[in-house]
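> Quick one: this structure, given as C-alpha cells, is what I'll be asking you about.
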Amino acid sequence: MCGIAGVASLDGSPILFETIFDAIAAMKQRGTEHGAGFAAYNPAPLDYVRAKLFVVRGEEELVEKLVGALTVEKIGRIRLSDLVYVDERLFRDYPDPQIMTLLRFLQASRYLDVFKSFGWPEDVANVYRLWGRSSPVWIGHTRYPTNSPGFQPWLAHPFTSYETAIVHNGDLSSYGANRKFVMYELGLRSFTGNDSEVIAHLITVLARDGLTFEDIVDALVYGKGPRWARLDGPFAAIFIHGTPRGPVFGAFVDRHHFRPLYVAVEDYHIYVASEAAAIKKVNPRARPRMLRGGGYVILYPDGELRVRGLMEWKIAAIPPPPADAFNAQGRSSSEINRVIAEMLERRGYAAVKGLEGQRYIANGLGPGKLELWGTLGNASLNLVRKMEVYVYGNVQEDVGDCIEDSIVAIYGNAGDSLAQAMRSGEVYVYGNAGNRVGVQMKGGYIVVGGDVGDYLGEFMAGGLILVLGKPGRYIGTGMVGGKIIVRGKIPLTHIGIAPPPSQLEKLVRKLNEMGIIGREELVNALRAKTVDELKKALGNAFRFIEKLWGSLHLGYPKPEYRYLHDDEQETVKRLLEKFNMLFKARIDVDSMLAEKFTVITKSKA
Amino acid sequence: MPSRGLEFWDREKIEEIRYAALKAVEKRALSPPMRRGRILDRLAIRDVRVDEVNDLARKLGPEGIDRLDVDVGLEFGSVRLRVPIYLGDMSFGALAGYPNIALAAAADIAGAVVGVGEGGLHPEVAKHRNIVVQWASGRFGVDIDMLRKGVAVNIKIGQGAKPGIGGHLPGTKVVGIIAKLRKLPEGVEALSPAPHHDIYSIEDLAQRVRMLMEATGKPVLVKVAATHQVGYVAVGVARSNAMGVIIDGAGAGTGATPQIVRDHVGIPIDYAVPVADRLLRDNSVRDGFLVIGGGMISSGQDVFKLVLLGANMAMMSTAVLVAMGCIMCHQCNRGVCPAALTSKVTAPRRIDVDVAVKRVVNFLKAIERTLKLLTYVLGEDKLQKLVGRRELLEAYSIDERVANVVGVDVAEYGPIAWYGDPPSNTPVTPEVYVQGKTPVVGMGGIVPGYTTPAERPLDLLRIEAAQVTRPPVDPYREEVSLRIKLHDGTVYESPIVAPCYDKALEDAAEALGYARECELLERPDAIAVPPGTKPSENHVFLVIVDEGLRGARRRPWLEEWIVILDEEYWRSGVRDEVTLVAAGDLRNGADVYKLVALGADLVVVRRPFKYLSQKLRDKPYAERFEAYLNTLIELTWELKLLMGAGGVTSVESLNGNRWLLRSLDGHVAQSLGVKVAGE
C-alpha cells in the first residue's frame, strides 16, 4: 500500500514542511483519500512527553480518567470530523503500556511531532496547519488501504512507538509473530491490526537493547536479531527515531525488493521516496538512485551517513530534444499517449520531452520511432510492436512487458522487471538494472551495460541476456530455455537456487558413512560448486539428493566459465557494436571478446 | 500426504447436472437445508417452503417459467447477459481445444460469458463475442491483438484451487500448438510465476488495471482466490477502476495443483462473498461494481443463494465440464482424459463440439430457469435487486461467529465442524516414497472438515495465501528457509521431527539435519507430557506434548494444548528459553505448518511413517532409507509450498503466527485463538 517519502538535512538545518508535502503530493496515484500523515523532529518543550490522542465523541471521560493525572498541560484539540478529534497534551512521563492499550494514541514522545488523519495529504496539512513549519527531518505517507478499513484516522501513517515514527509501504507476512514479540516485550495488550505499527514497536525494542541502527535493520531484514523480530513479506519503510542529540533518520527495503525506494543526496539533503519522480519534483538537480533489496540509508544526528545497496547513477551522453518535441511536464499519461499515437500515425515518429515518471506510456503502440526525454514511469512500453524507442533518461518498473519486434535503447538505469516476458526484438540499457531483468523472456536480446539485481532471467524460456556488470543472486532460477551471458566469473552460489549447503553437506557425509559413496566421491562432492559437478561426483547416488531441488523442478541452470563459442562471439560482437553505436560507448569489442564469460543455460530439457 | 476421501462432486451431483444438461431444467429448484457440508447447503430462504417451490416448478413447467416476467440477466461491459454466469477460465491447453470452442459457442447462445484462461487464444474461440481474455503471470500467448478481443480483460492473480501458486500446465500437455502459442519448448512444465512480478501490492494492481484499460479500451476484471484478506482485496480492486472482482473459493476446480495446497489453503466462497460485499458497501464502492463468486457452485439454487449472499454473478467451471461429460476421475493433469475434455491437444479422441454446445446451453438454460423461478417466488422482477439481501436467508447448524461473518440469522445453532474417525489406514503412495514427488491432482471438490468430516480441530483451519497485497513465493525458485535454532543453540534444517520407528528412518532424518524424536527425549532438559498436563519441573526447557501418551481422542486436543503452553511461556517471559514440540498422529506438511503457526517449534509427524515402517518392514535397509528420505523431503516441500503461498520465507516468521490461520468453525477458532475465516 501507499506512497512514502522522507527528507533530512545532513547538517541539522531546518527543512520546510512544503518539501515533504510536494514529494508526497507527487505520488498522488499511490494514495487515496483514505489517509495521510507526516512526522517531524520536535524536542520542545524539553523534559515533557508530547501526547496526542484520537478521541471519539463520548470517550472524553475515559480519557480524563486515564491520563488526567499524567497531564501537565492541555495544549488543545484538533477537530477531524464530527465524531473524532485529536487531543494534544503534555505529560510528565510516558504513559503506562496498559493506558496506551486502552486509548488511541497518535503519539506519546519526547522528540517527535506526528500528524495524521483520513483525507488526502493536503487535508492533513490543512487540519494540522503544517504549512510553513520546519524540522531538520520529515517523513510522510499517502495511503492506499489494503488490509484494514479506510475510514479510521488512527490507521493512517506514520505509526509511532515511543521515540520512533515510521511510514511503511508493505504487507508483512510475519505480522502475527512480530506482534506477539512486541506485545510481550513492551507489555502492550492491543493493536490497531495494521501491520505497520509493529515495525515501529520492533525498532523501539531493538533500540532499547542498544543495537546500532545498521544492526536493527539487519535484525529486521535478515533475521540477525531475536527470532520473532524478523520481518517477512514486502516492506519499504522510512523512519525517524528521536534522541536528545537529534533525530536518527533511516530507510530500508525488504531483501527481495518487493517494494521500491529511491534515494538521492543533494545540496546537503538526503531524499527518500517510493518514486524517483517524487524526489525530482522537490529537487530537480537530485539524482535519485534505487535502493536495492536489503539496502538501507541511515543518518545519525552527528551527520554520519551509512548506506548499503544504492544503485550507482549511470547515464550516457544525451542528445537535445528537437524543437517540436511535445513537452510532457504536467501532462497526464492519457494526454501524452494521445499525442504520441497521433504523431506516430501522422509521420511514423514521435518525440516527447520532460517526462516526469508518468506511467503507461506508449503501451500497445507501433510501428514507428519514438524518442523520450526524462524519467519514464512504471508499466510503459508494454506490448509495443515494431517500435524503435530511445529513452534519454531512467526508466522505472515494468518497462517493456511483452514487447515484440522492437528496439529499445535506455540511456540511463532501469528499474525492476525490465522486459518481462519479452517476445522478440532488442533492449539495451546503458546503466544498471533492477531485479528480474528478462523474467520469463520468450525471445530476443537484452543487453545491460552495468549491474543487474537478483533473479536475472528467472523462468526464462528463450532469447539471450548479456550483462557487462555484476549480477545479483538467484540467476536463471526456473530457466527452461535461452541463454544468459555475464562478463567475467561470477560466484557460482549466485546461480539458481540450491538447498542449504549445510543440509547438502550432512546428506553427503551420511551417504559416505553408510557406504553408499566412497571417500573420493565424498571429497569431490564437498568440493562441487555446481549441481553438475555434484552430479558427476556422486554418480548414481545423486538420486538421493536430487529431490531437494523439488519434484516440479525444470532442471537447474548450468553455468560454464569459458571463452565464447564462435556463434556466441558473433552474436555478442553484434550486440556490443550496437551498444557502442547507440550510447557512444567505447567498449573495446575485440578485447572484450577475448575474455572469458560465464554462460548460463538450462541444464536439461 | 492427504487422503482422497468423500467429495463435493459426488454421484448425486453429477447425476443432477447431467439431468439439467439433457432436459434444460433442473431436477429440483430448491432443496431443504442440511446440517452438514457447505454454508450454502445449510442456508434456507426465509419464509419459502421448499416443496411449494418445487411444486410450482412442476406446475409451471419449463415454458411456464420462461414466460415469467423476471429478468435474471445483467449488463457485463458492452454486452447484456441473459444468465449471470461466468464460465470459469479454463485455458486452451488445460482443455483440449474443442471444449474451449464449445464453451465459447455456448456462452454466446445462452447469454453467458466465458473466460478463456491463460495460454493464448484459440482462433476458433476468438470468433466469439462473449469471451473474456486473460492477462496472467506467465504472459503465455499474450499480445496486443489478443488483449483487444472479447468483452473484457481478466487479470488473473489467483485461483481457488491453489491460492498463492502459479498456473501449471504439466509438461505432458505442452505439445504441438500449445508449446508454440506459449513459446515454450515441447514437454516442459508451463509454470506461471506465483505472483505477477509487476504486482506486489494493491497499488501495483491498480496500475496494471489502468494500463490494460488504456491499452485495450475495455473493462478489466481481477480474479483472486478467496483468502483471509479477500474483503480488503475486493475493496482495493474496486478502487482501481476495475469493472469487478472474480473471487474463486476453496474447493474450486483446477487442471493441476499440489494436493496439499488444494486441501488447506484459502477459504470457501460462501464465507468470502458476503464479507467482500459488506466491505465494498462499507467503503461506498459497491455500486456498479461486479462481484463474481465461484468454487463448487453446481446448481441454480447455489447461484441464487450466492447472489443473496452478495454476488452479482456466479462462476461455474467444473459443473459445465460435468455437463460436457466429465466423470470426476481427478486425472486432468495427466492429459489422458477419459471424457476427452482435458486431454492433450494432440490426442486423437475429441469431443463432438455440437453435442457439447447443446449440453452446456441446456445446462445454462436450466440454471436460468431456476433463477427466474426463485426470483419470482421472492416477489422480485430482477435478480440483481436481490444481490446481498442476506436478511432473506437463515442458517441451520451454524455458530454465532460464523453466522456473523456470513451475515445471516441463525435458525438453529450448531457446529460447522463435524468430526469423523480417522481412517484406519492412510497409505503413502509410491509417488511419494519412491519418487519423492509432491502429489499433484486435477479438479477440486474437497475441503477437509467442510465437504468431508474433520479428523481433528486442525482440519478446520485454513491457511493464508498472499493475493495482491503481497506476493506469494515459489519455493522451487525462491528461498524459503526452514532452519530453526533451539533455545540452546541447536540448529535443525526444518521443524519436522521423525519418530524413531526404524533405524533407517532415524538415519534419513539425521542425513537431512532433522531432529529425531528419541534424540529429543534423551536430552536431560526434556520432558514429554500428554495434552492437558503442564510440565512441573522448573528446569525443563524442551517440552514434548505427545497425544500418544493419552488414550482416546478427546479434549484438550494436542493443538489446543500447544496454544495454551505457548501463551503461558510468552506470558512468563521464558518463551525464548523453551522449545515446544508437538507430537502425535499427524499427517502432512499442513499439520506441521498449522502447529508451528499455533506455537510449536518442532512437530513430530507420525502417521505416514507408521504406515511406511509397516509396509517396508521386510525391505532391505538401503531401500527403507531411501523411502524415508524421499518421504521426509516430500513433507518438506509440502511445508515450503504452504509457506510460500502465504509469502512466508522463513519458519521464524511462521512460529506462533496465528494470524496466518483462520477457522471455518467458531468454537475451534475460540479454542485455538485464531480468527474465523472472513473475520
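Order determines the names: the first chain of the C-alpha cells is A, the second B, and so forth; residues in each chain are numbered 1 upward, and ligands are numbered 1 upward as they are shown.
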For chain A, list the residues within 7 Å of chain B, counting only C-alpha atoms, and write the list as a PyMOL selection string.

chain A and resi 1+30+144+146-148+171+173-174+176-177+184+227-228+230+232-234+258+360+363-364+383+398+402+417+421+442+461+477-478+497+503+506-507+510+544+547-551+553+605

> List every residue of segment 13-59 of chain A that DSSP, applied to the backbone of this structure, places in strand (DSSP E), and write the result as a count of residues only.

16

> Quick one: residues within 6 Å of segment 111-125 of chain B, only C-alpha atoms counted, chain neighbours fewer than 6 positions away excluded, as a VMD selection string?

chain B and resid 81 to 83 85 to 91 101 104 131 to 134 140 to 141 182

> Find the residues around segment 97-106 of chain A up to 6 Å (only C-alpha atoms counted), leave out those fewer than 6 positions away in its own chain, and share them as a list in words.

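Selected residues are Lys52, Leu53, Phe54, Gly187, Leu188, Arg189 and Ser190 of chain A.
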
> For the selection you just gave me, I'd like the residues written to a file as a PDB file, in the first residue's frame, keeping N, CA and C atoms.


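The resulting file, out-v9.pdb, is reproduced below:
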ATOM      1  N   LYS A  52      -0.562  12.849  21.898  1.00  0.00           N
ATOM      2  CA  LYS A  52      -1.730  13.156  21.070  1.00  0.00           C
ATOM      3  C   LYS A  52      -2.596  11.912  21.049  1.00  0.00           C
ATOM      4  N   LEU A  53      -3.883  12.133  21.265  1.00  0.00           N
ATOM      5  CA  LEU A  53      -4.818  11.008  21.315  1.00  0.00           C
ATOM      6  C   LEU A  53      -5.973  11.251  20.362  1.00  0.00           C
ATOM      7  N   PHE A  54      -6.363  10.203  19.684  1.00  0.00           N
ATOM      8  CA  PHE A  54      -7.623  10.285  18.942  1.00  0.00           C
ATOM      9  C   PHE A  54      -8.754  10.046  19.934  1.00  0.00           C
ATOM     10  N   GLY A 187       4.810  -4.976  26.814  1.00  0.00           N
ATOM     11  CA  GLY A 187       3.651  -5.027  27.690  1.00  0.00           C
ATOM     12  C   GLY A 187       2.386  -4.468  27.062  1.00  0.00           C
ATOM     13  N   LEU A 188       2.321  -4.486  25.748  1.00  0.00           N
ATOM     14  CA  LEU A 188       1.129  -3.967  25.074  1.00  0.00           C
ATOM     15  C   LEU A 188       0.048  -5.035  25.050  1.00  0.00           C
ATOM     16  N   ARG A 189      -1.184  -4.633  25.036  1.00  0.00           N
ATOM     17  CA  ARG A 189      -2.253  -5.617  25.029  1.00  0.00           C
ATOM     18  C   ARG A 189      -3.150  -5.554  23.793  1.00  0.00           C
ATOM     19  N   SER A 190      -3.089  -4.457  23.073  1.00  0.00           N
ATOM     20  CA  SER A 190      -3.931  -4.435  21.879  1.00  0.00           C
ATOM     21  C   SER A 190      -3.246  -3.663  20.769  1.00  0.00           C
TER      22      SER A 190
END

> Check segment 12-139 of chain B with DSSP on the backbone and list each residue it calls helix (DSSP H, G or I), as an NGL selection string.

:B and (12-23 or 39-42 or 50-67 or 98-110 or 125-127)

> Can you spit out the residues from that selection as a tab-separated table (two decimals), in the first residue's frame, using N, CA and C atoms?


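New file result_2.tsv:
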chain	number	residue	atom	x	y	z
B	12	GLU	N	-24.48	-38.10	-6.93
B	12	GLU	CA	-25.77	-37.42	-7.00
B	12	GLU	C	-25.65	-36.07	-7.73
B	13	LYS	N	-24.60	-35.31	-7.37
B	13	LYS	CA	-24.39	-34.01	-8.03
B	13	LYS	C	-24.20	-34.20	-9.52
B	14	ILE	N	-23.39	-35.19	-9.87
B	14	ILE	CA	-23.10	-35.43	-11.28
B	14	ILE	C	-24.38	-35.80	-12.03
B	15	GLU	N	-25.19	-36.65	-11.38
B	15	GLU	CA	-26.47	-37.03	-11.99
B	15	GLU	C	-27.35	-35.80	-12.21
B	16	GLU	N	-27.40	-34.93	-11.22
B	16	GLU	CA	-28.26	-33.74	-11.32
B	16	GLU	C	-27.82	-32.84	-12.48
B	17	ILE	N	-26.51	-32.68	-12.61
B	17	ILE	CA	-26.02	-31.83	-13.69
B	17	ILE	C	-26.32	-32.46	-15.05
B	18	ARG	N	-26.13	-33.75	-15.14
B	18	ARG	CA	-26.41	-34.44	-16.40
B	18	ARG	C	-27.89	-34.31	-16.77
B	19	TYR	N	-28.72	-34.40	-15.77
B	19	TYR	CA	-30.16	-34.26	-15.98
B	19	TYR	C	-30.46	-32.88	-16.56
B	20	ALA	N	-29.88	-31.87	-15.93
B	20	ALA	CA	-30.13	-30.50	-16.39
B	20	ALA	C	-29.56	-30.29	-17.79
B	21	ALA	N	-28.43	-30.90	-18.09
B	21	ALA	CA	-27.80	-30.73	-19.40
B	21	ALA	C	-28.60	-31.40	-20.49
B	22	LEU	N	-29.40	-32.36	-20.08
B	22	LEU	CA	-30.23	-33.09	-21.04
B	22	LEU	C	-31.58	-32.42	-21.23
B	23	LYS	N	-32.17	-31.97	-20.09
B	23	LYS	CA	-33.57	-31.52	-20.13
B	23	LYS	C	-33.73	-30.01	-20.11
B	39	ILE	N	-21.77	-23.93	3.83
B	39	ILE	CA	-22.75	-23.00	4.38
B	39	ILE	C	-23.92	-22.89	3.41
B	40	LEU	N	-23.62	-22.86	2.11
B	40	LEU	CA	-24.69	-22.78	1.11
B	40	LEU	C	-25.73	-23.87	1.34
B	41	ASP	N	-25.26	-25.05	1.71
B	41	ASP	CA	-26.18	-26.17	1.93
B	41	ASP	C	-26.98	-26.01	3.22
B	42	ARG	N	-26.47	-25.20	4.12
B	42	ARG	CA	-27.14	-25.03	5.43
B	42	ARG	C	-28.10	-23.84	5.42
B	50	VAL	N	-39.83	-25.24	0.66
B	50	VAL	CA	-39.12	-25.97	-0.39
B	50	VAL	C	-40.08	-26.74	-1.29
B	51	ASP	N	-41.01	-27.49	-0.69
B	51	ASP	CA	-41.89	-28.33	-1.51
B	51	ASP	C	-42.82	-27.48	-2.38
B	52	GLU	N	-43.22	-26.33	-1.83
B	52	GLU	CA	-44.09	-25.45	-2.64
B	52	GLU	C	-43.36	-24.93	-3.87
B	53	VAL	N	-42.09	-24.58	-3.66
B	53	VAL	CA	-41.31	-24.08	-4.80
B	53	VAL	C	-41.17	-25.16	-5.86
B	54	ASN	N	-40.84	-26.36	-5.43
B	54	ASN	CA	-40.67	-27.43	-6.40
B	54	ASN	C	-41.99	-27.81	-7.08
B	55	ASP	N	-43.08	-27.73	-6.31
B	55	ASP	CA	-44.40	-27.97	-6.91
B	55	ASP	C	-44.70	-26.94	-7.97
B	56	LEU	N	-44.40	-25.68	-7.64
B	56	LEU	CA	-44.65	-24.59	-8.58
B	56	LEU	C	-43.86	-24.81	-9.86
B	57	ALA	N	-42.59	-25.25	-9.69
B	57	ALA	CA	-41.75	-25.51	-10.86
B	57	ALA	C	-42.41	-26.55	-11.75
B	58	ARG	N	-42.92	-27.60	-11.13
B	58	ARG	CA	-43.57	-28.66	-11.92
B	58	ARG	C	-44.81	-28.13	-12.60
B	59	LYS	N	-45.60	-27.36	-11.83
B	59	LYS	CA	-46.86	-26.85	-12.35
B	59	LYS	C	-46.63	-25.94	-13.55
B	60	LEU	N	-45.66	-25.04	-13.40
B	60	LEU	CA	-45.38	-24.09	-14.49
B	60	LEU	C	-44.76	-24.78	-15.70
B	61	GLY	N	-43.91	-25.74	-15.40
B	61	GLY	CA	-43.16	-26.38	-16.49
B	61	GLY	C	-42.15	-25.40	-17.05
B	62	PRO	N	-41.17	-25.90	-17.83
B	62	PRO	CA	-40.12	-25.04	-18.37
B	62	PRO	C	-40.67	-23.84	-19.12
B	63	GLU	N	-41.67	-24.05	-19.96
B	63	GLU	CA	-42.19	-22.94	-20.75
B	63	GLU	C	-42.88	-21.91	-19.86
B	64	GLY	N	-43.57	-22.43	-18.86
B	64	GLY	CA	-44.24	-21.53	-17.92
B	64	GLY	C	-43.24	-20.65	-17.20
B	65	ILE	N	-42.13	-21.23	-16.81
B	65	ILE	CA	-41.09	-20.44	-16.14
B	65	ILE	C	-40.55	-19.39	-17.10
B	66	ASP	N	-40.32	-19.79	-18.35
B	66	ASP	CA	-39.80	-18.84	-19.34
B	66	ASP	C	-40.71	-17.63	-19.49
B	67	ARG	N	-42.03	-17.86	-19.31
B	67	ARG	CA	-42.98	-16.77	-19.51
B	67	ARG	C	-43.04	-15.81	-18.33
B	98	TYR	N	-11.20	-28.36	-28.40
B	98	TYR	CA	-12.62	-28.45	-28.76
B	98	TYR	C	-13.55	-28.05	-27.61
B	99	PRO	N	-13.24	-28.48	-26.40
B	99	PRO	CA	-14.09	-28.00	-25.30
B	99	PRO	C	-14.04	-26.48	-25.15
B	100	ASN	N	-12.89	-25.87	-25.44
B	100	ASN	CA	-12.80	-24.41	-25.37
B	100	ASN	C	-13.77	-23.78	-26.38
B	101	ILE	N	-13.78	-24.37	-27.59
B	101	ILE	CA	-14.66	-23.85	-28.64
B	101	ILE	C	-16.12	-24.01	-28.22
B	102	ALA	N	-16.43	-25.19	-27.67
B	102	ALA	CA	-17.81	-25.46	-27.26
B	102	ALA	C	-18.27	-24.46	-26.20
B	103	LEU	N	-17.40	-24.17	-25.24
B	103	LEU	CA	-17.77	-23.24	-24.17
B	103	LEU	C	-18.04	-21.84	-24.73
B	104	ALA	N	-17.17	-21.40	-25.64
B	104	ALA	CA	-17.34	-20.06	-26.20
B	104	ALA	C	-18.63	-19.97	-27.00
B	105	ALA	N	-18.92	-21.01	-27.78
B	105	ALA	CA	-20.15	-21.01	-28.57
B	105	ALA	C	-21.37	-21.03	-27.66
B	106	ALA	N	-21.29	-21.86	-26.62
B	106	ALA	CA	-22.42	-21.98	-25.69
B	106	ALA	C	-22.67	-20.66	-24.97
B	107	ALA	N	-21.61	-19.98	-24.61
B	107	ALA	CA	-21.77	-18.71	-23.88
B	107	ALA	C	-22.52	-17.71	-24.75
B	108	ASP	N	-22.16	-17.61	-26.02
B	108	ASP	CA	-22.86	-16.69	-26.93
B	108	ASP	C	-24.34	-17.04	-27.04
B	109	ILE	N	-24.62	-18.34	-27.18
B	109	ILE	CA	-26.01	-18.76	-27.38
B	109	ILE	C	-26.83	-18.56	-26.11
B	110	ALA	N	-26.24	-18.95	-24.98
B	110	ALA	CA	-27.01	-18.94	-23.73
B	110	ALA	C	-27.05	-17.57	-23.07
B	125	VAL	N	-12.07	-19.84	-30.88
B	125	VAL	CA	-12.66	-19.18	-29.71
B	125	VAL	C	-12.72	-17.67	-29.94
B	126	ALA	N	-11.68	-17.17	-30.60
B	126	ALA	CA	-11.56	-15.73	-30.84
B	126	ALA	C	-12.72	-15.18	-31.66
B	127	LYS	N	-13.41	-16.06	-32.38
B	127	LYS	CA	-14.52	-15.59	-33.22
B	127	LYS	C	-15.77	-15.25	-32.40

> Which residues come within 7 Å of Met311 of chain A, counting only C-alpha atoms, excluding same-chain residues fewer than 5 positions away, as a list of chain:residue names?

A:Arg289, A:Met290, A:Leu291, A:Arg292

> Using only C-alpha atoms, which protein or nucleic acid residues come within 10 Å of Ile416 of chain B? Drop anything in the same chain fewer than 6 positions from it, and give the result as a list in words.

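Returned residues: Arg35, Arg36, Gly37, Arg38, Ile39, Arg42, Tyr396, Ser397, Ile398, Asp399, Val402, Gly449, Tyr450, Leu460, Leu664, Asp665, Gly666, His667 and Val668 of chain B.
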
> For C-alpha atoms, I'd like the residues from the last selection saved as a PDB file, in the first residue's frame.


ATOM      1  CA  ARG B  35     -26.853 -29.648   8.853  1.00  0.00           C
ATOM      2  CA  ARG B  36     -23.540 -30.565   7.332  1.00  0.00           C
ATOM      3  CA  GLY B  37     -21.448 -29.524   4.405  1.00  0.00           C
ATOM      4  CA  ARG B  38     -21.080 -26.055   2.910  1.00  0.00           C
ATOM      5  CA  ILE B  39     -22.750 -22.996   4.377  1.00  0.00           C
ATOM      6  CA  ARG B  42     -27.135 -25.028   5.429  1.00  0.00           C
ATOM      7  CA  TYR B 396     -29.067 -24.207  10.174  1.00  0.00           C
ATOM      8  CA  SER B 397     -26.310 -25.686  12.297  1.00  0.00           C
ATOM      9  CA  ILE B 398     -24.094 -22.681  12.407  1.00  0.00           C
ATOM     10  CA  ASP B 399     -22.322 -20.972  15.299  1.00  0.00           C
ATOM     11  CA  VAL B 402     -19.644 -17.794  11.553  1.00  0.00           C
ATOM     12  CA  GLY B 449     -13.688 -30.587   7.514  1.00  0.00           C
ATOM     13  CA  TYR B 450     -16.148 -28.812   5.232  1.00  0.00           C
ATOM     14  CA  LEU B 460     -10.923 -26.715  10.328  1.00  0.00           C
ATOM     15  CA  LEU B 664     -14.138 -22.419   9.486  1.00  0.00           C
ATOM     16  CA  ASP B 665     -15.731 -23.095  12.855  1.00  0.00           C
ATOM     17  CA  GLY B 666     -16.340 -20.584  15.637  1.00  0.00           C
ATOM     18  CA  HIS B 667     -15.670 -22.952  18.520  1.00  0.00           C
ATOM     19  CA  VAL B 668     -12.423 -24.163  17.040  1.00  0.00           C
TER      20      VAL B 668
END

> Could you check which of B:Ser298, B:Asn154, B:Thr375, B:Asn130 is closest to Ile45 of chain B, using only C-alpha atoms?

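Among B:Ser298, B:Asn154, B:Thr375, B:Asn130, it is B:Thr375 that comes nearest to Ile45 of chain B.
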
> In Å, with one decimal, what is the gap from atom CA of Gly357 of chain A to atom CA of Ser334 of chain A?

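Going from atom CA of Gly357 of chain A over to atom CA of Ser334 of chain A covers 13.2 Å.
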
> List the spatial neighbours of segment 83-95 of chain A as a ChimeraX atom specification - criterion: any atom at most 6 Å away, only C-alpha atoms, same-chain residues fewer than 4 positions off excluded.

/A:48-57,70-79

> Which distance in Å separates atom CA of Thr254 of chain B and atom CA of Ala347 of chain B, to one decimal?

19.9 Å

> Identify which of the residues A:Gln329, A:Thr243, A:Ser161, A:Gln29 lies closest to Ile4 of chain A, counting only C-alpha atoms when measuring atom-to-atom distances.

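Answer, going by the shortest atom-to-atom distance: A:Gln29.
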
> Grab the atom CA of Pro530 of chain B to atom CA of Gly548 of chain B distance for me, in Å with one decimal place.

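According to the coordinates, atom CA of Pro530 of chain B and atom CA of Gly548 of chain B are separated by 7.3 Å.
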